[in-house]
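Student: You'll find run_12.txt just under this line, and it carries compact mmCIF, C-alpha atoms.
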```txt
# COMPACT_ATOMS: atom_id res chain seq x y z
CA MET A 16 32.05 -7.67 81.28
CA ARG A 17 30.66 -5.96 84.38
CA GLU A 18 31.18 -2.22 84.68
CA GLU A 19 33.47 -0.87 87.40
CA TRP A 20 34.24 2.48 88.98
CA SER A 21 37.26 4.05 87.32
CA SER A 22 38.74 5.11 90.67
CA SER A 23 38.20 4.93 94.41
CA THR A 24 37.53 8.68 94.40
CA GLY A 25 34.79 8.27 91.81
CA PHE A 26 33.21 5.45 93.82
CA ILE A 27 33.31 7.46 97.06
CA LEU A 28 31.85 10.59 95.44
CA ALA A 29 29.08 8.59 93.72
CA SER A 30 28.21 6.89 97.02
CA ILE A 31 28.20 10.24 98.83
CA GLY A 32 25.92 11.52 96.07
CA SER A 33 23.51 8.65 96.66
CA ALA A 34 23.43 9.36 100.40
CA VAL A 35 23.40 13.16 100.29
CA GLY A 36 20.00 14.19 99.03
CA ILE A 37 17.03 16.35 99.89
CA GLY A 38 16.87 14.40 103.16
CA ASN A 39 20.04 16.11 104.37
CA ILE A 40 19.54 19.68 103.22
CA TRP A 41 15.78 20.07 103.34
CA ARG A 42 14.44 17.38 105.66
CA PHE A 43 17.12 17.26 108.37
CA PRO A 44 16.84 20.91 109.55
CA TYR A 45 13.08 20.72 109.98
CA ILE A 46 13.27 17.29 111.65
CA VAL A 47 15.69 18.90 114.13
CA GLY A 48 13.22 21.77 114.54
CA GLU A 49 10.32 19.42 115.19
CA ASN A 50 12.29 17.41 117.78
CA GLY A 51 13.64 20.07 120.07
CA GLY A 52 16.71 21.39 118.31
CA GLY A 53 20.07 20.25 119.66
CA ALA A 54 18.61 17.39 121.69
CA PHE A 55 17.93 15.56 118.45
CA LEU A 56 21.59 15.50 117.48
CA ILE A 57 22.53 13.09 120.29
CA PRO A 58 20.28 10.17 119.25
CA TYR A 59 20.97 11.01 115.61
CA LEU A 60 24.74 10.55 116.01
CA ILE A 61 24.12 7.24 117.77
CA ALA A 62 21.77 6.16 114.98
CA VAL A 63 24.17 7.09 112.19
CA PHE A 64 27.18 5.20 113.55
CA LEU A 65 25.51 2.20 115.25
CA PHE A 66 22.76 1.72 112.69
CA GLY A 67 23.48 3.42 109.38
CA MET A 68 27.18 2.71 108.94
CA PRO A 69 26.91 -1.08 109.56
CA LEU A 70 24.18 -1.30 106.92
CA ILE A 71 26.35 0.59 104.43
CA MET A 72 29.17 -1.89 105.09
CA LEU A 73 26.78 -4.82 104.71
CA GLU A 74 25.43 -3.61 101.36
CA PHE A 75 28.94 -2.97 100.01
CA ALA A 76 30.07 -6.41 101.18
CA LEU A 77 27.14 -8.19 99.51
CA GLY A 78 27.52 -6.23 96.28
CA ARG A 79 31.25 -6.77 95.91
CA HIS A 80 31.15 -10.46 96.86
CA PHE A 81 28.30 -11.47 94.56
CA GLN A 82 29.23 -8.97 91.79
CA THR A 83 25.61 -8.44 90.86
CA SER A 84 22.51 -6.43 91.78
CA VAL A 85 19.74 -6.91 94.33
CA VAL A 86 17.54 -9.70 92.92
CA PRO A 87 20.37 -12.04 91.79
CA THR A 88 22.12 -11.48 95.14
CA PHE A 89 19.06 -12.47 97.13
CA SER A 90 18.41 -15.41 94.81
CA THR A 91 21.96 -16.65 95.43
CA ILE A 92 21.51 -16.41 99.21
CA GLY A 93 18.39 -18.56 98.82
CA LYS A 94 15.69 -19.07 96.20
CA ARG A 95 13.04 -18.20 98.78
CA PHE A 96 14.51 -14.70 99.07
CA ARG A 97 14.09 -13.90 95.38
CA LEU A 98 10.71 -12.23 95.96
CA ALA A 99 12.24 -10.20 98.77
CA GLY A 100 14.78 -8.86 96.28
CA PHE A 101 12.01 -7.94 93.86
CA PHE A 102 10.16 -6.15 96.69
CA MET A 103 13.24 -4.02 97.35
CA VAL A 104 13.61 -3.10 93.68
CA LEU A 105 9.89 -2.33 93.38
CA GLY A 106 10.01 -0.21 96.53
CA MET A 107 12.97 1.74 95.21
CA GLY A 108 11.14 2.40 91.96
CA MET A 109 8.05 3.62 93.83
CA ILE A 110 10.11 6.01 95.95
CA LEU A 111 11.86 7.36 92.87
CA SER A 112 8.51 7.86 91.13
CA TYR A 113 7.53 10.59 93.59
CA TYR A 114 11.08 11.73 94.45
CA LEU A 115 11.34 12.91 90.85
CA VAL A 116 8.26 15.07 91.44
CA ILE A 117 10.02 16.90 94.27
CA THR A 118 13.20 17.05 92.20
CA GLY A 119 11.10 18.75 89.52
CA TRP A 120 9.86 21.34 92.03
CA VAL A 121 13.46 22.10 92.99
CA LEU A 122 14.51 22.38 89.34
CA ALA A 123 11.61 24.73 88.64
CA TYR A 124 12.50 27.06 91.51
CA THR A 125 16.14 26.99 90.49
CA LEU A 126 15.16 28.27 87.05
CA PHE A 127 12.69 30.78 88.53
CA PHE A 128 15.42 32.37 90.65
CA ILE A 129 18.00 32.30 87.86
CA SER A 130 15.42 34.10 85.68
CA GLY A 131 14.41 36.46 88.50
CA ILE A 132 10.78 35.28 88.37
CA SER A 133 8.56 35.24 91.47
CA VAL A 134 6.18 32.26 91.55
CA PRO A 135 4.38 31.47 94.83
CA PHE A 136 4.21 27.75 95.55
CA ALA A 137 0.40 27.84 95.64
CA ALA A 138 0.35 29.33 92.14
CA PHE A 139 2.97 26.84 90.95
CA THR A 140 0.97 23.83 92.13
CA ALA A 141 -2.26 25.34 90.76
CA SER A 142 -0.77 24.99 87.26
CA TYR A 143 0.59 22.04 85.30
CA TYR A 144 4.20 23.17 85.56
CA PRO A 145 4.94 20.54 88.24
CA LEU A 146 4.06 17.84 85.71
CA LEU A 147 6.36 19.38 83.11
CA PHE A 148 9.31 19.63 85.49
CA PHE A 149 8.67 16.09 86.74
CA LEU A 150 9.09 14.85 83.18
CA ILE A 151 12.23 16.96 82.67
CA SER A 152 13.77 15.64 85.91
CA GLY A 153 12.98 12.08 84.84
CA GLY A 154 14.60 12.72 81.47
CA ILE A 155 17.79 14.13 83.01
CA THR A 156 18.06 11.19 85.41
CA PHE A 157 17.55 8.73 82.55
CA SER A 158 20.25 10.36 80.43
CA VAL A 159 22.83 10.09 83.24
CA VAL A 160 22.11 6.43 84.05
CA MET A 161 21.94 5.49 80.36
CA ALA A 162 25.53 6.78 79.94
CA GLY A 163 26.79 4.12 82.32
CA VAL A 164 28.65 3.79 85.61
CA LYS A 165 31.87 5.59 84.59
CA GLN A 166 30.62 7.99 81.93
CA GLY A 167 27.30 8.80 83.61
CA ILE A 168 27.00 8.24 87.37
CA GLU A 169 30.66 8.68 88.29
CA ARG A 170 31.28 11.67 86.01
CA LEU A 171 28.19 13.44 87.38
CA ALA A 172 29.28 12.84 90.99
CA LYS A 173 32.81 14.12 90.37
CA VAL A 174 31.37 17.43 89.17
CA LEU A 175 28.34 17.93 91.40
CA ILE A 176 29.53 16.76 94.83
CA PRO A 177 32.42 19.27 95.09
CA LEU A 178 30.06 21.99 93.78
CA LEU A 179 27.45 20.94 96.34
CA PHE A 180 29.90 21.33 99.23
CA GLY A 181 31.10 24.68 97.84
CA MET A 182 27.57 26.10 97.55
CA LEU A 183 26.66 24.80 101.00
CA LEU A 184 29.65 26.60 102.52
CA LEU A 185 28.80 29.80 100.63
CA LEU A 186 25.25 29.81 102.00
CA LEU A 187 26.55 28.90 105.46
CA VAL A 188 28.85 31.94 105.54
CA TYR A 189 25.93 34.17 104.53
CA SER A 190 23.57 32.58 107.03
CA ILE A 191 25.79 32.94 110.10
CA SER A 192 26.29 36.63 109.26
CA LEU A 193 22.55 37.35 109.65
CA PRO A 194 21.26 39.36 112.66
CA GLY A 195 19.38 36.44 114.22
CA ALA A 196 22.11 33.88 113.58
CA LEU A 197 23.13 33.53 117.24
CA GLN A 198 19.60 32.67 118.34
CA GLY A 199 19.30 30.09 115.58
CA MET A 200 22.67 28.54 116.44
CA ARG A 201 21.69 28.39 120.10
CA PHE A 202 18.47 26.59 119.26
CA TYR A 203 20.30 24.22 116.95
CA LEU A 204 23.13 23.33 119.35
CA THR A 205 21.60 23.53 122.84
CA PRO A 206 20.20 20.11 123.79
CA ASP A 207 16.98 19.90 125.78
CA PHE A 208 17.84 16.72 127.65
CA GLU A 209 14.23 16.25 128.76
CA ARG A 210 13.32 15.53 125.13
CA LEU A 211 15.66 12.51 125.20
CA ALA A 212 13.07 10.77 127.39
CA ASP A 213 10.60 10.98 124.51
CA PRO A 214 10.76 7.74 122.46
CA LEU A 215 9.41 9.59 119.42
CA VAL A 216 12.62 11.67 119.31
CA TRP A 217 14.67 8.47 119.17
CA THR A 218 12.50 6.86 116.50
CA ALA A 219 12.68 10.08 114.49
CA ALA A 220 16.48 10.01 114.78
CA PHE A 221 16.79 6.41 113.59
CA GLY A 222 14.24 7.02 110.85
CA GLN A 223 16.12 10.09 109.62
CA ALA A 224 19.46 8.20 109.67
CA PHE A 225 17.90 5.42 107.62
CA PHE A 226 16.32 7.87 105.18
CA SER A 227 19.39 10.07 104.85
CA LEU A 228 22.03 7.39 104.27
CA SER A 229 20.06 5.65 101.47
CA VAL A 230 20.37 2.23 103.10
CA GLY A 231 17.88 -0.60 102.87
CA PHE A 232 16.66 -0.69 99.28
CA GLY A 233 19.85 -1.94 97.63
CA ILE A 234 21.36 1.27 96.22
CA LEU A 235 24.69 0.73 97.93
CA LEU A 236 24.55 -3.01 97.26
CA THR A 237 24.32 -2.16 93.56
CA TYR A 238 27.12 0.41 93.83
CA GLY A 239 29.16 -2.14 95.78
CA SER A 240 28.92 -4.58 92.87
CA TYR A 241 31.00 -2.12 90.80
CA MET A 242 33.74 -1.92 93.46
CA ARG A 243 37.29 -3.17 92.99
CA GLU A 244 39.77 -3.23 95.91
CA GLU A 245 38.40 -0.38 98.01
CA ARG A 246 38.41 -0.94 101.77
CA ILE A 247 34.78 -1.29 102.81
CA ALA A 248 35.03 -0.06 106.40
CA GLN A 249 37.07 2.98 105.41
CA SER A 250 34.75 3.79 102.50
CA ALA A 251 31.66 3.44 104.70
CA ALA A 252 33.19 5.74 107.31
CA ILE A 253 34.00 8.43 104.73
CA ILE A 254 30.50 8.25 103.25
CA THR A 255 28.82 8.29 106.68
CA ILE A 256 30.87 11.25 107.92
CA SER A 257 30.34 13.18 104.67
CA ASP A 258 26.59 12.60 104.82
CA LEU A 259 26.53 13.64 108.49
CA LEU A 260 28.62 16.72 107.74
CA VAL A 261 26.25 17.90 105.02
CA ALA A 262 23.23 17.40 107.30
CA ILE A 263 24.80 19.28 110.22
CA LEU A 264 26.08 22.11 107.99
CA ALA A 265 22.61 22.36 106.44
CA GLY A 266 21.25 22.85 109.94
CA PHE A 267 23.79 25.62 110.56
CA MET A 268 22.68 27.16 107.27
CA ILE A 269 18.91 26.88 107.76
CA SER A 270 18.52 27.61 111.51
CA PRO A 271 19.97 31.16 111.42
CA MET A 272 17.79 31.94 108.38
CA VAL A 273 14.72 30.65 110.21
CA PHE A 274 15.27 32.84 113.28
CA SER A 275 16.56 35.87 111.40
CA PHE A 276 13.52 35.96 109.12
CA GLY A 277 11.01 35.11 111.87
CA LEU A 278 10.06 31.68 110.53
CA THR A 279 9.04 28.60 112.50
CA PRO A 280 11.84 26.02 113.09
CA ALA A 281 9.38 23.18 112.56
CA SER A 282 7.94 24.59 109.34
CA GLY A 283 8.47 21.24 107.67
CA VAL A 284 8.31 20.77 103.94
CA GLN A 285 6.86 24.24 103.44
CA LEU A 286 10.12 25.85 104.60
CA ALA A 287 11.90 25.36 101.25
CA PHE A 288 9.06 26.17 98.85
CA VAL A 289 6.70 28.45 100.78
CA ALA A 290 8.60 30.30 103.52
CA LEU A 291 12.08 30.98 102.07
CA PRO A 292 11.39 32.06 98.43
CA PRO A 293 9.53 35.29 99.32
CA ILE A 294 12.38 36.24 101.65
CA PHE A 295 15.04 35.60 99.04
CA LEU A 296 13.14 37.96 96.73
CA VAL A 297 13.41 40.96 99.08
CA ILE A 298 16.79 40.64 100.80
CA ARG A 299 20.09 41.93 99.43
CA PHE A 300 21.59 39.55 96.86
CA GLY A 301 18.48 37.43 97.45
CA ILE A 302 17.97 36.38 93.82
CA PHE A 303 21.52 35.07 93.66
CA LEU A 304 21.29 33.37 97.07
CA GLY A 305 17.93 31.81 96.17
CA ALA A 306 19.37 30.46 92.93
CA VAL A 307 22.34 28.98 94.80
CA PHE A 308 20.06 27.46 97.46
CA PHE A 309 17.78 25.72 94.97
CA LEU A 310 20.67 24.69 92.74
CA LEU A 311 22.23 23.10 95.82
CA LEU A 312 18.98 21.24 96.48
CA PHE A 313 18.76 20.17 92.84
CA PHE A 314 22.30 18.77 92.76
CA ALA A 315 21.59 16.80 95.93
CA ALA A 316 18.27 15.54 94.57
CA LEU A 317 19.71 14.59 91.16
CA THR A 318 22.64 12.52 92.51
CA SER A 319 20.20 10.63 94.74
CA ALA A 320 17.67 10.12 91.93
CA VAL A 321 20.41 8.72 89.69
CA SER A 322 21.41 6.20 92.36
CA MET A 323 17.78 5.15 92.81
CA LEU A 324 17.27 4.57 89.08
CA GLU A 325 20.43 2.47 88.91
CA VAL A 326 18.79 -0.19 91.16
CA PRO A 327 16.05 -1.30 88.71
CA VAL A 328 18.34 -0.69 85.71
CA ALA A 329 21.05 -2.97 87.14
CA THR A 330 18.39 -5.58 87.91
CA LEU A 331 17.17 -5.58 84.30
CA ILE A 332 20.77 -5.92 83.09
CA ASP A 333 21.83 -8.67 85.53
CA GLN A 334 18.60 -10.62 85.86
CA TYR A 335 17.24 -10.41 82.34
CA GLY A 336 20.26 -9.59 80.18
CA PHE A 337 19.07 -6.18 78.98
CA GLU A 338 21.53 -3.83 77.29
CA ARG A 339 22.03 -0.71 79.48
CA LYS A 340 20.30 1.81 77.19
CA LYS A 341 17.20 -0.38 76.85
CA ALA A 342 17.17 -1.13 80.58
CA ALA A 343 17.42 2.58 81.45
CA ALA A 344 14.68 3.44 78.94
CA LEU A 345 12.27 0.76 80.20
CA ALA A 346 12.87 1.48 83.89
CA SER A 347 12.52 5.24 83.36
CA PHE A 348 9.32 4.84 81.35
CA LEU A 349 7.69 2.65 84.00
CA ILE A 350 8.78 4.87 86.88
CA ILE A 351 7.53 8.03 85.15
CA LEU A 352 4.24 6.26 84.34
CA VAL A 353 3.78 5.22 87.98
CA GLY A 354 4.83 8.70 89.12
CA LEU A 355 2.25 10.58 87.04
CA PRO A 356 -0.48 10.41 89.75
CA SER A 357 1.99 11.79 92.30
CA ALA A 358 2.94 14.62 89.94
CA LEU A 359 -0.71 15.39 89.20
CA SER A 360 -1.59 15.47 92.90
CA TYR A 361 0.28 18.78 93.13
CA THR A 362 -1.14 20.39 89.98
CA ALA A 363 -4.43 22.03 89.06
CA LEU A 364 -5.94 18.53 88.91
CA LYS A 365 -5.17 17.92 92.62
CA LEU A 366 -5.40 14.13 92.57
CA GLN A 367 -6.21 12.99 96.10
CA LEU A 368 -7.32 9.93 98.01
CA PHE A 369 -9.10 10.28 101.37
CA GLY A 370 -8.41 14.01 101.13
CA THR A 371 -4.64 13.50 100.96
CA PRO A 372 -2.43 14.11 97.89
CA LEU A 373 -1.32 10.83 96.31
CA LEU A 374 2.31 11.88 96.62
CA ASP A 375 1.96 12.12 100.41
CA LEU A 376 0.27 8.72 100.62
CA LYS A 377 2.98 7.12 98.51
CA ASP A 378 5.69 8.77 100.60
CA PHE A 379 4.26 7.26 103.77
CA ALA A 380 3.60 3.83 102.24
CA PHE A 381 6.99 3.41 100.54
CA GLY A 382 9.29 6.14 101.86
CA THR A 383 8.46 5.37 105.48
CA ILE A 384 6.85 1.95 105.97
CA GLY A 385 8.33 0.32 102.87
CA LEU A 386 11.82 1.56 103.71
CA ILE A 387 11.62 0.05 107.19
CA VAL A 388 10.33 -3.28 105.84
CA ALA A 389 13.12 -3.37 103.24
CA GLY A 390 15.69 -2.74 105.97
CA LEU A 391 14.23 -5.60 107.98
CA ILE A 392 14.44 -7.89 104.97
CA LEU A 393 18.06 -6.93 104.32
CA SER A 394 19.28 -7.25 107.91
CA ILE A 395 17.40 -10.49 108.68
CA THR A 396 18.35 -12.17 105.41
CA ALA A 397 22.04 -11.28 105.72
CA GLY A 398 22.19 -11.71 109.49
CA TRP A 399 20.43 -15.07 109.78
CA PHE A 400 20.65 -16.84 106.41
CA LEU A 401 23.94 -15.74 104.83
CA ASP A 402 27.27 -17.44 105.49
CA HIS A 403 28.95 -14.90 107.75
CA GLN A 404 32.38 -15.75 106.36
CA ILE A 405 31.33 -14.01 103.15
CA VAL A 406 30.83 -10.77 105.06
CA PHE A 407 33.99 -11.25 107.17
CA GLN A 408 36.03 -11.81 104.02
CA GLU A 409 34.84 -8.52 102.56
CA ILE A 410 34.93 -6.19 105.57
CA GLY A 411 38.12 -7.55 107.18
CA GLY A 412 39.04 -6.43 110.71
CA SER A 413 39.63 -8.38 113.92
CA ARG A 414 37.56 -11.36 114.93
CA ARG A 415 36.07 -9.39 117.82
CA MET A 416 34.98 -6.56 115.51
CA GLN A 417 33.50 -9.03 113.04
CA LYS A 418 31.42 -10.66 115.78
CA LEU A 419 30.24 -7.26 116.98
CA PHE A 420 29.30 -6.33 113.42
CA ILE A 421 27.22 -9.48 112.92
CA GLY A 422 25.58 -8.99 116.30
CA ILE A 423 24.48 -5.51 115.25
CA ILE A 424 23.13 -6.81 111.93
CA LYS A 425 21.34 -9.84 113.47
CA PHE A 426 19.86 -8.32 116.59
CA PHE A 427 20.25 -4.56 117.08
CA ILE A 428 19.14 -3.32 113.66
CA PRO A 429 16.06 -5.59 113.29
CA VAL A 430 14.88 -4.69 116.81
CA ILE A 431 15.31 -0.95 116.18
CA LEU A 432 13.49 -1.23 112.85
CA LEU A 433 10.63 -3.21 114.39
CA ILE A 434 10.23 -0.61 117.15
CA ASN A 435 10.27 2.13 114.52
CA LEU A 436 7.66 0.31 112.46
CA VAL A 437 5.34 -0.21 115.44
CA VAL A 438 5.65 3.43 116.52
CA ARG A 439 4.92 4.65 112.98
CA LEU A 440 1.81 2.47 112.75
CA ILE A 441 0.60 3.46 116.21
CA THR A 442 1.00 7.18 115.49
CA LEU A 443 -0.85 6.65 112.21
CA SER A 444 -3.87 5.25 114.02
```
Could you quickly redo this structure as structure tokens?
Tutor:
Amino acid sequence: MREEWSSSTGFILASIGSAVGIGNIWRFPYIVGENGGGAFLIPYLIAVFLFGMPLIMLEFALGRHFQTSVVPTFSTIGKRFRLAGFFMVLGMGMILSYYLVITGWVLAYTLFFISGISVPFAAFTASYYPLLFFLISGGITFSVVMAGVKQGIERLAKVLIPLLFGMLLLLLVYSISLPGALQGMRFYLTPDFERLADPLVWTAAFGQAFFSLSVGFGILLTYGSYMREERIAQSAAIITISDLLVAILAGFMISPMVFSFGLTPASGVQLAFVALPPIFLVIRFGIFLGAVFFLLLFFAALTSAVSMLEVPVATLIDQYGFERKKAAALASFLIILVGLPSALSYTALKLQLFGTPLLDLKDFAFGTIGLIVAGLILSITAGWFLDHQIVFQEIGGSRRMQKLFIGIIKFFIPVILLINLVVRLITLS
């Protein structure tokens, strides 16, 4: 008998956990910084509601109708799409293989601050501690998924998501009380409308929406297969708004810190691990605030990692008849094996290719290009080759809204993704 969520609340919290990850709390503020502050929020809001939310609804509809995971769903739509389903599962596994590395960094810094230890990021990555914490993060993720949908994924989400919001609000209150908070808020909220003429700002907004909401690789399709009678449109709206709220609040939290401490708004990835830790070590209550900050990041990373692992695990269960514990063990082993080069690229070994850490190369190949390709596969397959009545039956609504929904899936989303893909490849060259 197929597992189900024990309650609508558990399902919503688990889905929010899959969407709310490092992309919201760590990536979103520096993406805003790199794209002109408040101006970025306008295309981002458009992207989230016209692009992200319809894909969430689509994945939920496919999962609940077919009551199975990615590969069997695509095989049912058409035998020729079976390989496309495998591509999505493989891509998800590859992303998780390096996402666990970053999760390990976050876990390490959480423990450093709880212990009151100062470890510069350069010194951390010059050791083999990143490899150790990568393995620990993989083990924690495995143990949650192995416990099942109700006892593992749902139980974790019910505890961590409320805690995540609580810690975010605590840090927000502290941040807006800082001396430079007003300048940071002004930068964050004041739109530079001239930047809206830059197509790269729009592609960054749609790319961030895609990355943040965890759509495209079948996570929410898999979660949707455990649904009962939940209303898809309402659930998608709650998840989208919650994800958006966390991202915007994270910006309110990070921007005042950036300006108060004299940091660069577009510091990028280095903001969390290089720029902020030394400051936390010298300010009042800094050890406590640093521990809360990294624990917040870890909770967000862990709930996302769990949702990623569930995709290949569910595939092994549904497609090949594996028992859950064996499926979780095999998927975790393979993902950790594939992730070892990424982990070692930020250790004393410094594994690189063409002068670039392997983790960074994998992030671009799978977390950027692969994610866009997977979204194209999903939207084109469902928009052009699936009986639309299946989707209408699941999402409900008026006939006019159903037609608009299919139009977005068939035309708008593939065009946006193609433009994004071309821009990414052009900027690469």
Student: Please list as a list in words every residue within 7 Å of range 247-262 of chain A, counting all atoms listed in the file and excluding residues in the same chain fewer than 3 positions away.
Tutor: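 Those residues are Ile27, Ser30, Ile31, Ala34, Val35, Asn39, Ile40, Phe43, Met68, Ile71, Met72, Phe75, Leu228, Ala265, Gly266 and Ile410 of chain A.
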Student: For Val86 in chain A, which residue out of A:Pro44, A:Gly100, A:Gly51, A:Pro69 is the nearest one, using all atoms listed in the file?
Tutor: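 Distance minimum relative to Val86 in chain A lands on A:Gly100.
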Student: Measuring between only C-alpha atoms, which one of A:Val216, A:Ile387, A:Ala99, A:Ile351 shows the shortest distance to Ile57 in chain A?
Tutor: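 Once distances to Ile57 in chain A are computed over only C-alpha atoms, the minimum belongs to A:Val216.
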Student: Of the candidates A:Ser413, A:Thr330, A:Ser152, A:Ser112, which one gets nearest to Thr88 in chain A if we count only C-alpha atoms?
Tutor: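 Selected residue with least distance to Thr88 in chain A: A:Thr330.
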Student: Taking 5 positions as the minimum chain separation for residues in the same chain, which residues sit within 12 Å of Leu376 in chain A when counting only C-alpha atoms? Answer as a PDB file with C-alpha atoms, in the coordinates of the input.
Tutor:
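Resulting contents of selection33.pdb:
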```
ATOM      1  CA  MET A 109       8.050   3.620  93.830  1.00  0.00           C
ATOM      2  CA  ILE A 110      10.110   6.010  95.950  1.00  0.00           C
ATOM      3  CA  TYR A 113       7.530  10.590  93.590  1.00  0.00           C
ATOM      4  CA  PRO A 356      -0.480  10.410  89.750  1.00  0.00           C
ATOM      5  CA  SER A 357       1.990  11.790  92.300  1.00  0.00           C
ATOM      6  CA  SER A 360      -1.590  15.470  92.900  1.00  0.00           C
ATOM      7  CA  LEU A 366      -5.400  14.130  92.570  1.00  0.00           C
ATOM      8  CA  GLN A 367      -6.210  12.990  96.100  1.00  0.00           C
ATOM      9  CA  LEU A 368      -7.320   9.930  98.010  1.00  0.00           C
ATOM     10  CA  PHE A 369      -9.100  10.280 101.370  1.00  0.00           C
ATOM     11  CA  GLY A 370      -8.410  14.010 101.130  1.00  0.00           C
ATOM     12  CA  THR A 371      -4.640  13.500 100.960  1.00  0.00           C
ATOM     13  CA  PHE A 381       6.990   3.410 100.540  1.00  0.00           C
ATOM     14  CA  GLY A 382       9.290   6.140 101.860  1.00  0.00           C
ATOM     15  CA  THR A 383       8.460   5.370 105.480  1.00  0.00           C
ATOM     16  CA  ILE A 384       6.850   1.950 105.970  1.00  0.00           C
ATOM     17  CA  GLY A 385       8.330   0.320 102.870  1.00  0.00           C
ATOM     18  CA  LEU A 443      -0.850   6.650 112.210  1.00  0.00           C
TER      19      LEU A 443
END
```
Student: Using all atoms listed in the file, which residue out of A:Ser158, A:Pro58, A:Pro87, A:Ser270 lies closest to Gly195 in chain A?
Tutor: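 Using all atoms listed in the file, the shortest distance to Gly195 in chain A belongs to A:Ser270.
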Student: So which one's closest to Val328 in chain A, A:Thr237, A:Thr24, A:Thr218, A:Ser227? Using only C-alpha atoms, please.
Tutor: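 Counting only C-alpha atoms, the residue closest to Val328 in chain A is A:Thr237.
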Student: Just checking: using only C-alpha atoms, which residue out of A:Phe337, A:Tyr143, A:Phe55, A:Phe276 ends up closest to Pro194 in chain A?
Tutor: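 The closest residue to Pro194 in chain A is A:Phe276.
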Student: Can you sort out the box for range 17-26 of chain A, edges along x, y and z, all listed atoms in, 8 Å on every side, with centre and edge lengths in Å to one decimal, as AutoDock Vina command-line options?
Tutor:
```
--center_x 34.7 --center_y 1.4 --center_z 89.4 --size_x 24.1 --size_y 30.6 --size_z 26.0
```
Student: Would you kindly identify which residues have an atom no farther than 12 Å from (26.3, -4.9, 112.4), using all atoms listed in the file and the file's own coordinates, and write them out as an MDAnalysis selection string?
Tutor: chainID A and resid 64:74 76 248 393:395 397:398 403 406:407 410 416:429
Student: Fewer than 6 positions away in the same chain doesn't count, so skip those; otherwise give me all residues within 7 Å of Pro327 in chain A, counting only C-alpha atoms, as JSON, numbers by chain.
Tutor: {"A": [104, 108, 346]}
Student: Write the selection just made, keeping C-alpha atoms, as a PDB file, in the coordinates of the input?
Tutor:
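Output file result.pdb is given in full below:
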```
ATOM      1  CA  VAL A 104      13.610  -3.100  93.680  1.00  0.00           C
ATOM      2  CA  GLY A 108      11.140   2.400  91.960  1.00  0.00           C
ATOM      3  CA  ALA A 346      12.870   1.480  83.890  1.00  0.00           C
TER       4      ALA A 346
END
```
Student: Excluding same-chain residues fewer than 5 positions from Leu312 in chain A, what lies within 12 Å of it counting all atoms listed in the file, as a ChimeraX atom specification?
Tutor: /A:32,35-42,117-125,175-176,178-180,182-183,186,261,265,287-288,305-307,317-319
Student: Just the number, please: distance in Å from CA of Met323 in chain A to CA of Ile434 in chain A, one decimal.
Tutor: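 Pair CA of Met323 in chain A / CA of Ile434 in chain A returns 26.1 Å.
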Student: Please write range 55-65 of chain A of the preceding block to a file containing N, CA and C atoms, as a JSON list (two decimals), in the first residue's frame?
Tutor:
```json
[["chain", "number", "residue", "atom", "x", "y", "z"],
["A", 55, "PHE", "N", 14.97, 44.14, -8.49],
["A", 55, "PHE", "CA", 14.88, 42.70, -8.76],
["A", 55, "PHE", "C", 13.56, 42.10, -8.27],
["A", 56, "LEU", "N", 12.97, 42.69, -7.25],
["A", 56, "LEU", "CA", 11.77, 42.11, -6.65],
["A", 56, "LEU", "C", 10.58, 42.14, -7.60],
["A", 57, "ILE", "N", 10.54, 43.10, -8.51],
["A", 57, "ILE", "CA", 9.40, 43.20, -9.44],
["A", 57, "ILE", "C", 9.37, 42.01, -10.40],
["A", 58, "PRO", "N", 10.44, 41.75, -11.17],
["A", 58, "PRO", "CA", 10.40, 40.56, -12.03],
["A", 58, "PRO", "C", 10.33, 39.26, -11.24],
["A", 59, "TYR", "N", 10.87, 39.28, -10.01],
["A", 59, "TYR", "CA", 10.84, 38.05, -9.22],
["A", 59, "TYR", "C", 9.42, 37.68, -8.83],
["A", 60, "LEU", "N", 8.63, 38.66, -8.42],
["A", 60, "LEU", "CA", 7.23, 38.40, -8.07],
["A", 60, "LEU", "C", 6.46, 37.88, -9.27],
["A", 61, "ILE", "N", 6.71, 38.46, -10.44],
["A", 61, "ILE", "CA", 6.07, 37.99, -11.67],
["A", 61, "ILE", "C", 6.47, 36.55, -11.94],
["A", 62, "ALA", "N", 7.76, 36.26, -11.79],
["A", 62, "ALA", "CA", 8.26, 34.91, -12.06],
["A", 62, "ALA", "C", 7.66, 33.88, -11.13],
["A", 63, "VAL", "N", 7.55, 34.23, -9.86],
["A", 63, "VAL", "CA", 7.05, 33.28, -8.86],
["A", 63, "VAL", "C", 5.61, 32.89, -9.14],
["A", 64, "PHE", "N", 4.76, 33.88, -9.46],
["A", 64, "PHE", "CA", 3.33, 33.59, -9.59],
["A", 64, "PHE", "C", 2.91, 33.18, -10.99],
["A", 65, "LEU", "N", 3.62, 33.62, -12.03],
["A", 65, "LEU", "CA", 3.25, 33.22, -13.40],
["A", 65, "LEU", "C", 4.05, 32.03, -13.90]]
```
